[in-house]
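Asks: Got a file for you: coords31.txt, compact mmCIF, C-alpha atoms.
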```txt
# COMPACT_ATOMS: atom_id res chain seq x y z
CA MET F 1 67.37 -101.20 264.58
CA PHE F 2 64.40 -98.82 264.75
CA THR F 3 65.26 -97.11 261.46
CA ASN F 4 64.72 -100.35 259.56
CA TYR F 5 60.99 -100.05 260.19
CA LEU F 6 60.56 -96.48 258.90
CA ILE F 7 59.73 -97.51 255.32
CA THR F 8 57.04 -99.93 256.56
CA VAL F 9 55.57 -97.26 258.86
CA ALA F 10 55.57 -94.65 256.10
CA LEU F 11 53.72 -97.04 253.78
CA GLN F 12 51.11 -97.74 256.42
CA LEU F 13 50.56 -94.04 257.05
CA THR F 14 50.26 -93.44 253.29
CA LEU F 15 47.66 -96.20 252.93
CA LEU F 16 45.66 -94.79 255.83
CA ALA F 17 45.64 -91.40 254.14
CA ILE F 18 44.41 -92.68 250.75
CA PRO F 19 40.65 -92.77 251.62
CA LEU F 20 40.82 -89.09 252.51
CA ALA F 21 42.05 -88.24 249.02
CA GLN F 22 39.40 -90.23 247.12
CA THR F 23 36.35 -88.36 245.72
CA THR F 24 32.99 -89.43 244.41
CA PRO F 25 31.90 -88.68 240.84
CA SER F 26 30.80 -85.07 240.43
CA GLU F 27 27.11 -84.45 240.43
CA PRO F 28 25.65 -82.21 237.80
CA GLY F 29 26.11 -78.60 238.66
CA THR F 30 29.06 -79.12 240.96
CA THR F 31 32.80 -79.02 240.62
CA ARG F 32 35.23 -81.68 241.92
CA SER F 33 35.59 -79.62 245.08
CA GLY F 34 31.94 -80.28 245.88
CA ARG F 35 30.89 -76.63 245.58
CA SER F 36 28.15 -75.43 243.33
CA ALA F 37 29.35 -74.05 240.07
CA ALA F 38 27.42 -70.92 240.86
CA GLU F 39 29.21 -70.38 244.15
CA PRO F 40 32.21 -68.09 244.16
CA GLN F 41 35.59 -69.84 244.46
CA THR F 42 37.05 -67.63 247.14
CA GLY F 43 38.52 -68.23 250.58
CA THR F 44 40.87 -71.03 251.91
CA PRO F 45 40.11 -74.64 252.94
CA ALA F 46 38.91 -74.96 256.48
CA ALA F 47 41.60 -75.99 259.00
CA ARG F 48 41.37 -79.44 260.59
CA SER F 49 38.89 -79.28 263.44
CA ASP F 50 40.35 -79.91 266.94
CA THR F 51 37.04 -81.13 268.30
CA ALA F 52 37.88 -84.76 267.35
CA ARG F 53 41.33 -84.68 268.92
CA SER F 54 42.25 -85.95 272.36
CA ILE F 55 45.33 -86.91 274.35
CA ARG F 56 46.39 -90.53 273.74
CA ALA F 57 49.11 -92.35 275.69
CA PHE F 58 51.37 -94.99 274.12
CA ARG F 59 53.71 -96.85 276.48
CA PHE F 60 56.78 -98.54 274.99
CA LYS F 61 58.19 -101.81 276.35
CA HIS F 62 61.40 -102.17 274.36
CA ILE F 63 62.32 -99.01 272.46
CA ASP F 64 63.01 -95.53 273.76
CA ALA F 65 60.02 -93.16 273.66
CA TYR F 66 62.24 -90.20 272.68
CA GLU F 67 63.61 -92.13 269.73
CA ALA F 68 60.08 -93.03 268.63
CA ARG F 69 58.86 -89.44 268.96
CA ASN F 70 61.71 -88.06 266.83
CA ASN F 71 60.94 -90.51 264.04
CA PHE F 72 57.15 -90.11 264.21
CA ARG F 73 57.55 -86.34 263.85
CA GLU F 74 59.14 -86.91 260.44
CA LEU F 75 56.03 -88.84 259.33
CA ILE F 76 53.16 -87.04 261.09
CA HIS F 77 53.64 -83.28 261.11
CA ASP F 78 50.44 -82.05 262.73
CA VAL F 79 50.37 -84.14 265.93
CA PHE F 80 51.67 -82.70 269.18
CA MET F 81 53.90 -85.26 270.95
CA SER F 82 55.43 -85.29 274.41
CA VAL F 83 57.44 -87.92 276.34
CA VAL F 84 57.00 -88.98 279.97
CA PRO F 85 60.54 -90.24 280.72
CA HIS F 86 60.07 -92.26 283.91
CA THR F 87 57.31 -94.38 282.31
CA ASN F 88 58.79 -94.38 278.77
CA THR F 89 55.41 -93.18 277.47
CA LEU F 90 54.59 -91.08 274.40
CA LEU F 91 51.66 -88.65 274.76
CA CYS F 92 50.00 -87.58 271.50
CA ARG F 93 47.21 -85.04 270.85
CA CYS F 94 45.55 -86.61 267.83
CA ASP F 95 42.31 -87.85 266.32
CA ASP F 96 41.16 -91.45 265.96
CA GLN F 97 42.68 -91.96 262.53
CA GLN F 98 46.09 -90.64 263.60
CA ALA F 99 45.97 -92.67 266.82
CA ALA F 100 45.26 -95.83 264.81
CA ALA F 101 48.24 -95.11 262.55
CA ILE F 102 50.56 -94.52 265.52
CA ALA F 103 49.34 -97.63 267.33
CA GLY F 104 49.85 -99.75 264.22
CA ALA F 105 53.39 -98.45 263.79
CA ILE F 106 54.22 -99.09 267.45
CA GLU F 107 53.02 -102.66 267.17
CA LEU F 108 55.56 -103.21 264.41
CA ILE F 109 58.55 -101.48 265.94
CA ASP F 110 58.21 -101.95 269.72
CA VAL F 111 59.81 -105.39 269.82
CA ALA F 112 62.64 -106.87 271.85
CA GLY F 113 66.02 -105.92 270.49
CA ALA F 114 64.67 -103.13 268.33
CA SER F 115 66.50 -100.46 270.32
CA GLN F 116 70.09 -100.71 271.43
CA THR F 117 71.46 -98.84 274.40
CA LYS F 118 74.03 -96.32 273.33
CA THR F 119 77.47 -97.37 274.50
CA SER F 120 80.89 -95.76 274.56
CA LEU F 121 84.41 -96.87 275.32
CA HIS F 122 85.72 -96.44 278.85
CA ILE F 123 89.41 -97.01 279.62
CA PHE F 124 90.57 -97.90 283.12
CA PRO F 125 94.31 -98.04 283.89
CA ILE F 126 95.18 -100.85 286.29
CA GLN F 127 97.80 -99.78 288.83
CA HIS F 128 98.53 -102.80 291.01
CA ARG F 129 97.22 -105.94 289.29
CA SER F 130 97.31 -107.28 285.77
CA ALA F 131 94.57 -106.39 283.29
CA THR F 132 94.14 -110.08 282.50
CA GLU F 133 93.37 -110.85 286.14
CA MET F 134 90.82 -108.02 286.25
CA LEU F 135 89.21 -109.44 283.12
CA GLU F 136 88.73 -112.81 284.84
CA HIS F 137 86.72 -111.09 287.59
CA LEU F 138 84.71 -108.80 285.30
CA THR F 139 83.63 -111.26 282.63
CA PRO F 140 81.33 -113.43 284.83
CA VAL F 141 79.44 -110.40 286.21
CA THR F 142 79.14 -108.45 282.95
CA ASP F 143 76.13 -108.77 280.67
CA ARG F 144 77.81 -109.78 277.43
CA GLY F 145 74.76 -108.62 275.51
CA THR F 146 75.27 -104.97 276.47
CA ALA F 147 78.97 -104.73 277.27
CA GLU F 148 82.34 -105.90 276.07
CA VAL F 149 85.45 -106.01 278.26
CA TYR F 150 89.01 -106.23 276.98
CA ALA F 151 92.46 -106.44 278.57
CA ASP F 152 95.35 -104.59 276.97
CA GLU F 153 98.81 -105.29 278.32
CA SER F 154 100.82 -104.59 275.16
CA ARG F 155 102.13 -101.27 276.44
CA SER F 156 100.37 -100.72 279.75
CA SER F 157 97.90 -102.51 281.94
CA LEU F 158 94.47 -101.32 280.80
CA VAL F 159 90.91 -102.58 280.96
CA VAL F 160 88.74 -101.31 278.10
CA VAL F 161 84.97 -101.47 278.59
CA SER F 162 82.29 -100.86 275.98
CA GLN F 163 79.29 -100.04 278.14
CA SER F 164 76.55 -97.48 278.54
CA ASP F 165 77.43 -94.44 280.62
CA GLU F 166 74.69 -95.30 283.08
CA ASP F 167 75.92 -98.85 283.74
CA VAL F 168 79.68 -98.32 283.69
CA ASN F 169 79.78 -97.03 287.27
CA SER F 170 79.27 -100.54 288.65
CA ILE F 171 82.32 -101.75 286.72
CA LYS F 172 84.32 -98.77 287.93
CA ASP F 173 83.46 -99.58 291.57
CA LEU F 174 84.35 -103.25 291.09
CA LEU F 175 87.73 -102.41 289.59
CA ARG F 176 88.44 -100.03 292.45
CA THR F 177 87.79 -102.88 294.89
CA LEU F 178 89.89 -105.43 293.00
CA ASP F 179 92.85 -103.27 291.96
CA THR F 180 94.66 -103.42 295.29
CA PRO F 181 98.42 -103.68 295.90
CA MET F 182 99.85 -107.16 295.45
CA PRO F 183 100.57 -108.95 298.72
CA THR F 184 104.17 -109.97 299.30
CA VAL F 185 104.69 -113.73 299.45
CA ARG F 186 107.60 -114.92 301.57
CA LEU F 187 108.99 -118.24 300.34
CA GLU F 188 111.17 -120.45 302.53
CA PHE F 189 112.77 -123.64 301.23
CA ALA F 190 114.30 -126.31 303.44
CA VAL F 191 116.35 -129.28 302.29
CA PHE F 192 116.40 -132.51 304.29
CA LEU F 193 118.62 -135.54 303.96
CA ALA F 194 116.81 -138.77 304.82
CA ASP F 195 119.04 -141.79 305.60
CA LEU F 196 117.66 -145.31 306.02
CA ASN F 197 121.02 -146.59 307.33
CA ALA F 198 121.91 -143.80 309.73
CA SER F 199 123.26 -144.85 313.12
CA ASP F 200 124.60 -141.65 314.61
CA PRO F 201 122.32 -139.54 316.82
CA ALA F 202 119.87 -137.30 315.00
CA ALA F 203 120.57 -133.59 314.95
CA PRO F 204 117.93 -131.34 316.50
CA ILE F 205 115.23 -130.03 314.16
CA PRO F 206 113.91 -126.46 314.54
CA ASP F 207 110.45 -126.24 316.08
CA ASP F 208 108.73 -124.88 312.95
CA LEU F 209 110.07 -127.81 310.89
CA GLN F 210 109.30 -130.62 313.34
CA PRO F 211 105.79 -131.42 311.97
CA VAL F 212 107.06 -131.94 308.43
CA ALA F 213 110.21 -133.73 309.69
CA LYS F 214 108.01 -136.20 311.54
CA GLU F 215 106.07 -136.86 308.36
CA LEU F 216 109.30 -137.42 306.43
CA SER F 217 110.69 -139.92 308.95
CA ARG F 218 109.27 -142.76 306.82
CA PHE F 219 112.19 -142.14 304.45
CA GLY F 220 114.67 -142.72 307.32
CA ARG F 221 116.30 -140.55 309.88
CA VAL F 222 116.04 -136.97 308.65
CA LYS F 223 118.65 -134.30 308.94
CA LEU F 224 118.22 -130.66 308.01
CA LEU F 225 120.90 -129.66 305.52
CA GLY F 226 119.88 -126.05 305.21
CA ARG F 227 117.21 -123.52 304.48
CA CYS F 228 116.94 -120.47 302.23
CA GLY F 229 114.27 -118.05 301.20
CA THR F 230 113.15 -115.10 299.13
CA ALA F 231 110.12 -112.87 298.59
CA SER F 232 108.00 -112.23 295.53
CA THR F 233 104.55 -111.11 294.43
CA GLN F 234 101.88 -112.47 292.14
CA GLY F 235 102.99 -112.69 288.54
CA GLN F 236 106.66 -112.22 289.38
CA ASP F 237 109.47 -114.70 288.96
CA TYR F 238 111.78 -115.66 291.81
CA ARG F 239 115.11 -117.45 292.04
CA VAL F 240 117.16 -118.83 294.94
CA ARG F 241 120.57 -120.33 294.40
CA GLY F 242 123.64 -121.06 296.49
CA LEU F 243 125.73 -123.64 298.33
CA ILE F 244 124.35 -125.24 301.49
CA GLN F 245 126.87 -126.53 304.06
CA ASN F 246 129.46 -126.69 301.28
CA VAL F 247 127.99 -129.99 300.08
CA LEU F 248 124.70 -129.08 298.46
CA GLU F 249 124.27 -126.78 295.48
CA SER F 250 120.75 -125.44 294.95
CA ASP F 251 119.11 -123.60 292.08
CA ILE F 252 115.39 -122.99 292.68
CA ARG F 253 113.26 -120.75 290.52
CA GLY F 254 109.61 -120.28 289.61
CA THR F 255 106.63 -117.91 289.58
CA ILE F 256 103.91 -116.88 292.00
CA LEU F 257 100.78 -117.64 289.97
CA ARG F 258 98.11 -116.45 292.41
CA ALA F 259 98.32 -114.99 295.90
CA ASP F 260 95.16 -113.89 297.71
CA ALA F 261 94.91 -113.45 301.45
CA GLY F 262 93.18 -116.41 303.07
CA SER F 263 93.52 -118.64 299.99
CA PRO F 264 96.14 -121.21 298.96
CA VAL F 265 99.16 -119.73 297.23
CA GLN F 266 99.46 -121.04 293.68
CA ILE F 267 103.10 -121.37 292.71
CA ARG F 268 105.30 -122.91 290.05
CA VAL F 269 108.60 -124.48 291.22
CA ASP F 270 111.56 -125.63 289.14
CA ALA F 271 114.31 -126.93 291.45
CA ARG F 272 117.70 -128.57 290.95
CA LEU F 273 119.81 -129.84 293.86
CA PHE F 274 123.26 -131.46 293.67
CA THR F 275 125.37 -133.05 296.38
CA TRP F 276 129.16 -133.00 296.13
CA GLY F 277 131.61 -135.77 296.97
CA GLN F 278 135.00 -135.37 298.60
CA PRO F 279 137.49 -133.33 296.62
CA ALA F 280 140.11 -135.18 294.65
CA THR F 281 143.64 -135.61 295.98
CA THR F 282 145.08 -133.02 293.66
CA THR F 283 144.19 -129.42 294.30
CA ASP F 284 143.46 -128.62 290.66
CA GLU F 285 140.64 -131.15 290.40
CA LYS F 286 137.07 -130.26 291.33
CA ALA F 287 134.86 -132.34 293.55
CA SER F 288 132.45 -134.61 291.74
CA ARG F 289 128.65 -134.59 291.99
CA ASN F 290 127.41 -137.67 293.80
CA GLY F 291 123.70 -137.23 293.28
CA SER F 292 121.11 -134.88 291.84
CA PHE F 293 117.54 -133.89 292.48
CA GLU F 294 115.30 -132.19 289.91
CA ILE F 295 111.61 -131.31 290.06
CA SER F 296 109.22 -129.15 288.06
CA THR F 297 105.70 -128.77 289.42
CA LYS F 298 102.77 -126.46 290.18
CA LEU F 299 101.34 -126.37 293.69
CA ALA F 300 98.58 -124.82 295.77
CA LEU F 301 100.12 -124.31 299.22
CA PRO F 302 98.19 -123.59 302.43
CA PRO F 303 99.68 -120.32 303.73
CA GLY F 304 102.13 -120.75 306.62
CA GLU F 305 102.62 -124.53 306.39
CA PHE F 306 105.72 -126.43 305.32
CA VAL F 307 104.86 -128.91 302.58
CA ALA F 308 107.14 -131.53 301.04
CA ILE F 309 107.17 -130.91 297.30
CA GLY F 310 109.62 -133.58 296.15
CA ALA F 311 111.94 -136.41 297.16
CA ALA F 312 114.61 -138.25 295.22
CA ALA F 313 117.14 -140.97 295.94
CA ALA F 314 120.12 -138.66 295.65
CA GLY F 315 122.76 -138.67 298.31
CA ALA F 316 126.36 -139.51 299.12
CA ALA F 317 125.52 -143.13 300.01
CA GLU F 318 122.97 -145.82 299.31
CA GLY F 319 119.66 -145.36 301.12
CA GLN F 320 119.92 -141.59 301.24
CA SER F 321 117.29 -139.22 299.78
CA LEU F 322 117.07 -135.51 299.33
CA ILE F 323 113.72 -133.95 300.24
CA LEU F 324 112.69 -130.38 299.40
CA VAL F 325 110.00 -128.66 301.46
CA LEU F 326 108.44 -125.24 300.97
CA ARG F 327 106.47 -122.75 303.02
CA ALA F 328 104.65 -119.76 301.54
CA GLN F 329 103.44 -116.95 303.79
CA ILE F 330 101.48 -113.85 302.84
```
Rewrite the structure of this file - the entire thing - as structure tokens.
Replies:
Amino acid sequence: MFTNYLITVALQLTLLAIPLAQTTPSEPGTTRSGRSAAEPQTGTPAARSDTARSIRAFRFKHIDAYEARNNFRELIHDVFMSVVPHTNTLLCRCDDQQAAAIAGAIELIDVAGASQTKTSLHIFPIQHRSATEMLEHLTPVTDRGTAEVYADESRSSLVVVSQSDEDVNSIKDLLRTLDTPMPTVRLEFAVFLADLNASDPAAPIPDDLQPVAKELSRFGRVKLLGRCGTASTQGQDYRVRGLIQNVLESDIRGTILRADAGSPVQIRVDARLFTWGQPATTTDEKASRNGSFEISTKLALPPGEFVAIGAAAAGAAEGQSLILVLRAQI
């Protein structure tokens, strides 16, 4: 910091002033003041002459001219100083000796990193998004040498910025642009049964599912068992569960990890599917599970397209597979 150099500057100014205090040996008939012993010792010392003074300009590259002026005034009391803000220049009305002292001090203190921009804490409440997400956007565009950004979600969603008052406006504008309401993501799951040994005619497939059904035909003739859906937003958990056509129990849950318009939807899926066999002959016995399907995965889904996310050999007979497909729409 600038203050660390004050002792060095004071020493230099003291050394420059030493020659002025030295005197030559007194000649006979004179006192140490240089006056004749016969002359009366009246009057006051003559004031410093202004004829040798002129306006000198000192431009600073790294430190603030106001900061330098305030500190120089503590060391040099009889020099008029003024600051030109837009050029960060210090104007001094001084003589050659004073100018040399000021120039020498500036050479020592006007170095990179000597002056730090004054910063203060600015707190921005985040209304629609998470503070952690905002931090991911702010960190790459923030000069880490002059600012620090923090996310606080312990009690509320806050972004805390340590930044100069002059530069914080850019962060405020960026947060205003990013902190928009979360888009709603509509999730639709469809469960197919693929049968390699099927002989009966295939049931019709809805138009929106025909492209993915055609892709799944390599597993055998495909039949749509059912479809279900829900809606969620980024950062929220979802869950879909129920019985499909009285033969398939589903329990699907997960989280929307990232949802931005025009970008793939990042989603976590944990799904469990069970098919049921025929009920037992006695009414007090429950039907048995013939097959199961379980998957846990993370996906990046193109918005609006059905995508197969898992297949397993789980069905009521050999050669049958359950296939789960998913569509995410913003």
Asks: Compare F:Met81, F:Leu216, F:Ala68, F:Cys92 by their minimum atom-to-atom distance to Leu324 (chain F), counting only C-alpha atoms, and give me the closest one.
Replies: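 Selected residue with least distance to Leu324 (chain F): F:Leu216.
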Asks: Can you list every residue of region 163-199 of chain F that has an atom at most 7 Å from region 229-248 of chain F, with its nearest atom pair and the distance in Å to one decimal, using only C-alpha atoms, ordered by chain then number, as CSV?
Replies:
```
residue,atom,partner,partner_atom,distance
F:Met182,CA,F:Thr233,CA,6.2
F:Pro183,CA,F:Thr233,CA,6.2
F:Thr184,CA,F:Thr233,CA,5.0
F:Val185,CA,F:Ser232,CA,5.3
F:Arg186,CA,F:Ala231,CA,4.4
F:Leu187,CA,F:Thr230,CA,5.4
F:Glu188,CA,F:Gly229,CA,4.1
F:Phe189,CA,F:Gly229,CA,5.8
```
Asks: CA of Glu215 (chain F) to CA of Ala202 (chain F): how many Å, to one decimal?
Replies: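 Going from CA of Glu215 (chain F) over to CA of Ala202 (chain F) covers 15.3 Å.
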Asks: Considering only C-alpha atoms, state which residue in the set F:Val269, F:Ala203, F:Val191, F:Ala99 is at the smallest distance from Leu301 (chain F).
Replies: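 Selected residue with least distance to Leu301 (chain F): F:Val269.
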Asks: Using all atoms listed in the file, determine which residues lie at most 12 Å from Ala261 (chain F), disregarding the query and same-chain residues fewer than 2 positions distant; provide the list as a list in words.
Replies: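 The neighbour list is Thr180, Pro181, Met182, Pro183, Thr184, Val185, Gln234, Arg258, Ala259, Ser263, Pro264, Val265, Gln266, Pro302, Pro303, Gly304, Ala328, Gln329 and Ile330 of chain F.
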Asks: Please determine, counting all atoms listed in the file, which residue among F:Leu257, F:Ala190, F:Ile309, F:Ala57 has the shortest atom-to-atom distance to Leu224 (chain F).
Replies: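 Among the listed residues, the smallest separation from Leu224 (chain F) belongs to F:Ala190.
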Asks: Record the distance separating CA of Leu225 (chain F) and CA of Val307 (chain F), expressed in Å with one decimal.
Replies: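 Separation of CA of Leu225 (chain F) and CA of Val307 (chain F): 16.3 Å.
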Asks: List the neighbours of Lys214 (chain F) out to 12 Å using all atoms listed in the file; skip same-chain residues closer than 3 positions along the sequence, and give me the result as a PDB file with C-alpha atoms, in the frame of the given file.
Replies:
```pdb
ATOM      1  CA  PHE F 192     116.400-132.510 304.290  1.00  0.00           C
ATOM      2  CA  ALA F 194     116.810-138.770 304.820  1.00  0.00           C
ATOM      3  CA  ILE F 205     115.230-130.030 314.160  1.00  0.00           C
ATOM      4  CA  PRO F 206     113.910-126.460 314.540  1.00  0.00           C
ATOM      5  CA  ASP F 207     110.450-126.240 316.080  1.00  0.00           C
ATOM      6  CA  ASP F 208     108.730-124.880 312.950  1.00  0.00           C
ATOM      7  CA  LEU F 209     110.070-127.810 310.890  1.00  0.00           C
ATOM      8  CA  GLN F 210     109.300-130.620 313.340  1.00  0.00           C
ATOM      9  CA  PRO F 211     105.790-131.420 311.970  1.00  0.00           C
ATOM     10  CA  SER F 217     110.690-139.920 308.950  1.00  0.00           C
ATOM     11  CA  ARG F 218     109.270-142.760 306.820  1.00  0.00           C
ATOM     12  CA  PHE F 219     112.190-142.140 304.450  1.00  0.00           C
ATOM     13  CA  GLY F 220     114.670-142.720 307.320  1.00  0.00           C
ATOM     14  CA  ARG F 221     116.300-140.550 309.880  1.00  0.00           C
ATOM     15  CA  VAL F 222     116.040-136.970 308.650  1.00  0.00           C
ATOM     16  CA  LYS F 223     118.650-134.300 308.940  1.00  0.00           C
ATOM     17  CA  PHE F 306     105.720-126.430 305.320  1.00  0.00           C
ATOM     18  CA  VAL F 307     104.860-128.910 302.580  1.00  0.00           C
ATOM     19  CA  ALA F 308     107.140-131.530 301.040  1.00  0.00           C
TER      20      ALA F 308
END
```
Asks: With distances taken over all atoms listed in the file, which residue among F:Leu299, F:Gly226, F:Thr139, F:Glu318 lies nearest Thr255 (chain F)?
Replies: F:Leu299
Asks: Suppose you want the space between CA of Asn71 (chain F) and CA of Ala112 (chain F); what is it in Å?
Replies: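 Taking CA of Asn71 (chain F) as the start and CA of Ala112 (chain F) as the end point, the length is 18.2 Å.
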Asks: Tell me which protein, DNA and RNA residues are within 10 Å of Arg93 (chain F), counting only C-alpha atoms, leaving out same-chain ones fewer than 3 positions away, and put them as JSON, numbers by chain.
Replies: {"F": [50, 52, 53, 54, 55, 56, 57, 78, 79, 80, 81, 82, 98, 99]}
